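I have placed the structure first, in the form of structure tokens, so that the comments after it can refer back to it.
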Amino acid sequence: MVISVASGKGGTGKTLVATSLALSLKDREKVQLLDCDVEEPNAHLFLKPTFTHSKTVSIPIPKVDEERCAYCGKCAEACHFNAIAVMKEKVLIFRELCHGCGVCSYVCPESAISEDGREIGVVELGYSDGVRFVQGTLIVGEPIAPPVIREVKESAGRGGIVIIDVPPGTSCPVVEAVKGSDFCILVTEPTPFGLNDLALAVETMRELDIPCGVILNRAGVGNGKVEEYCKKEGIPILLTIPLDTEIARLYSRGITLAEGMPEWKEHFLALFNRIREITNERISSAKR
Amino acid sequence: MKELVVLSGKGGTGKTSIVGSFAALAKGKVLADCDVDAADLHLLLSPSVKQESEFWSGRVAVIDEEKCTQCGLCQELCRFKAITDFKVDPISCEGCGYCYHACPVEAITMKESMSGHWFISDTRYGPLVHARLGIAQENSGKLVAVVRQQAKQIAEEKSLDYIISDGPPGIGCPVVSSLSGADLALLVTEPTLSGMHDLERVLGVCRHFGVPALVCINKYDLNEENTRQIESNCLSQGVKVEGRIPFDNVVTRSIVQGVPVVDYSDGRVTREIKRMWDILSMMLRNGSKG
Ligand code: SF4
Ligand code: SF4
């Protein structure tokens with residue numbers, strides 16, 4: 001089973017939830033945690049894993065053989081990402097813009113384009129206290145995250161419970177990370193910002209046809225609008241975490257709820273059981 | 001005209017409350033919400049939309065079943081694994097057009113798609129350019145570029161002194177797009193291990209694109225040891241920490257009221273943000289570049 005942990009708005013505590021859930025489950029299930037927030041991977045700060053393997057992620061980038069090039073401009077015309085410009089006697093390649101799609105080398109009538117690997121990130125694999133851990137890191141200055149996310153997901157082992165720490169937002173990196181999940185936990189807080197971004201995240205999950213539920217973090221400040229919204233939309237609130245300076249302090253030091261306040265383990269186990277029920281029901285009603 | 005972009009790496013550090021407050025404090029500015037994925041600034045500025053425009057930028061491949069001979073070439077060539085059983089998954093398709101160029105029977109067309117909207121609005125603090133990326137859409141970087149370009153145009157037309165923009169979280173394409181060519185970046189962090197880690201990365205992006213950066217530590221009293229650590233890390237990199245905002249629920253309360261915190265309270269949070277704006281505006285005026 002694959003469970004994603006996302007939040008339209010950043011900084012709502014999704015990494016705290018993902019890591020606490022992993023550590024609460026590890027004695028009962030085979031658990032893997034995938035940190036797909038490759039722009040700002042933080043789960044390692046909580047899990048402190050030992051890495052055993054790493055591999056670089058690269059995408060193929062065109063290289064023009066100027067001996068062969070006729071400066072016809074066909075490559076530039078075909079590139080949807082404006083990554084090539086053909087001047088009078090020079091072809092410019094904007095490496096940061098290139099998605100590595102391969103169209104330019106395909107259309108070049110002179111076969112002047114070959115491809116080079118360009119490193120954009122790294123994927124590391126290891127263990128933390130019985131949890132298998134995979135993390136992707138986008139190289140600073142590189143703009144394109146999805147290929148690194150794809151590689152993290154491909155590096156996951158089969159079976160067991162897979163927990164995915166998803167990047168914030170609703171655009172392509174989020175879609176890449178949550179795609180294929182059986183369930184998505186949306187972590188939010190009871191403020192107008194939290195509600196606005198939760199609604200966007202819910203729409204995204206609906207678009208992808210992934211069932212979701214909410215964890216309300218820092219409950220106690222703000223207002224009751226998130227609860228109202230969830231009720232209206234029929235989205236279950238699976239867990240409420242209060243605004244608590246002790247939790248905030250633990251978080252600031254990179255300590256999960258499962259370790260810092262072990263009584264929370266029970267809550268996370270109950271959360272997991274609830275998710276399992278929801279996904280099972282969905283499967284059986286789909287069969288009917 | 002000078003452009004300030006407020007970034008944070010990690011989301012949820014209070015960036016939008018700070019931008020909203022600068023909106024209330026600055027004179028002669030246009031505001032730009034470059035967090036096109038999950039825009040929140042409008043919740044503090046209650047804009048009235050004056051102009052709404054569609055953002056067309058994406059495209060997806062469509063296979064004509066009638067013409068398709070099921071040769072399978074497109075499936076083999078697509079590097080984004082977007083085609084299975086002779087159908088294109090519009091969510092995986094990046095719109096590159098490889099299949100379109102390669103299809104031997106010309107069964108594939110590229111369909112333009114609308115990926116969002118952008119708006120020019122009036123607020124009680126001045127004009128705001130903002131946008132809404134469509135759900136699960138690509139090209140957030142390009143939409144950010146449109147927002148910035150519109151803001152710039154307004155600033156030029158009205159000869160305004162500042163563009164103040166609320167940047168997206170992370171370090172990927174929308175961040176690069178909101179940062180490149182800006183005059184100054186304010187990085188808002190918090191004294192948590194995650195905040196510290198993300199700050200290092202976003203500082204790296206600023207360096208990479210040659211944009212001078214200043215740091216503000218929000219909720220600095222949450223963990224003063226971490227705050228000291230951030231200060232010494234910044235010092236060793238020659239980056240100034242210009243603001244230390246204490247933790248105070250007044251910020252959340254102002255969000256619930258839908259107003260920038262400086263217009264809601266005159267406590268210590270407000271005093272610190274005011275002091276920060278004085279420093280930033282002076283730096284912007286004196287030209288922080290170089
Ligand atoms: S398509 Fe080939 S020959 Fe034409 S400009 Fe590009 S690299 Fe040169
Ligand atoms: S590989 Fe694709 S994105 Fe890169 S330059 Fe060629 S056509 Fe453009």
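In the structure tokens, each chain is lettered A, B, ... as it comes, each chain's residues begin at 1, and ligands are numbered from 1 in order of appearance.
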
Exercise for review: Find the residues in chain A near chain B: any atom within 8 Å counts, using only C-alpha atoms. Write them as a ChimeraX atom specification.
Suggested key: /A:8-12,39-40,42,45,78-81,101-103,106-107,140-145,168-172,174-175,191-193,196-197,200,203-204,207,221-223,248-249,251-254

Point to revise | Sel. of alpha helix (DSSP H) residues, region 24-106 of chain A, as a list in words | key: Ser24, Leu25, Ala43, His44, Leu45, Phe46, Leu47, Lys74, Cys75, Ala76, Glu77, Ala78, Val103, Cys104, Ser105 and Tyr106 of chain A

Review point. Could you name the residues that touch region 121-133 of chain A at 10 Å or less, counting only C-alpha atoms, but leaving out those on the same chain fewer than 3 positions away, as a ChimeraX atom specification?
Key: /A:19,22-23,25-27,29-36,38-39,43-44,46-59,118,136-140,142,144-145,147-149,151-153,155-157,162-163

Restricted to C-alpha atoms, what would the selected residues look like written as a short mmCIF file (atom, residue, chain, number, x, y, z; two decimals), in the first residue's frame?
```cif
data_model
loop_
_atom_site.label_atom_id
_atom_site.label_comp_id
_atom_site.auth_asym_id
_atom_site.auth_seq_id
_atom_site.Cartn_x
_atom_site.Cartn_y
_atom_site.Cartn_z
CA THR A 19 8.24 10.26 9.70
CA ALA A 22 6.75 5.42 9.56
CA LEU A 23 8.25 4.98 13.03
CA LEU A 25 4.31 1.36 12.03
CA LYS A 26 7.72 -0.17 11.73
CA ASP A 27 7.28 -2.85 14.40
CA GLU A 29 4.76 -3.77 9.01
CA LYS A 30 7.55 -3.60 6.52
CA VAL A 31 7.86 0.15 6.03
CA GLN A 32 9.61 2.30 3.44
CA LEU A 33 9.74 6.07 3.47
CA LEU A 34 10.40 7.91 0.21
CA ASP A 35 11.35 11.56 0.50
CA CYS A 36 10.07 12.97 -2.80
CA VAL A 38 13.55 16.74 -3.65
CA GLU A 39 13.79 20.53 -3.63
CA ALA A 43 12.83 13.65 6.36
CA HIS A 44 16.47 12.60 6.89
CA PHE A 46 14.15 13.29 11.60
CA LEU A 47 15.11 9.73 10.68
CA LYS A 48 18.90 10.17 10.66
CA PRO A 49 19.39 7.24 8.29
CA THR A 50 22.58 5.46 7.35
CA PHE A 51 22.90 5.51 3.60
CA THR A 52 24.27 2.44 1.89
CA HIS A 53 23.90 3.36 -1.78
CA SER A 54 23.64 6.44 -3.89
CA LYS A 55 23.21 7.13 -7.57
CA THR A 56 23.17 10.24 -9.66
CA VAL A 57 20.16 11.25 -11.70
CA SER A 58 20.84 12.73 -15.08
CA ILE A 59 18.81 13.73 -18.05
CA ARG A 118 23.54 16.19 -17.41
CA GLY A 136 16.12 12.38 -3.72
CA THR A 137 17.97 15.70 -3.76
CA LEU A 138 17.80 18.19 -6.59
CA ILE A 139 21.11 19.94 -7.23
CA VAL A 140 20.96 23.63 -6.22
CA GLU A 142 18.66 23.05 -11.25
CA ILE A 144 13.50 20.53 -13.04
CA ALA A 145 12.52 18.25 -10.16
CA PRO A 147 13.02 13.27 -13.08
CA VAL A 148 14.59 13.06 -9.61
CA ILE A 149 11.20 12.23 -8.08
CA GLU A 151 13.99 7.97 -9.84
CA VAL A 152 13.20 7.94 -6.10
CA LYS A 153 9.96 6.10 -6.78
CA SER A 155 14.20 2.89 -6.40
CA ALA A 156 11.56 1.82 -3.88
CA GLY A 157 11.40 -1.87 -3.08
CA VAL A 162 5.33 2.82 1.28
CA ILE A 163 5.04 6.32 2.75
#
```

Check your understanding: Which residues sit within 6 Å of ligand 1, counting only C-alpha atoms and all ligand atoms, listed as a PyMOL selection string?
Key -> chain A and resi 64+69-75+86+108-110+112-113
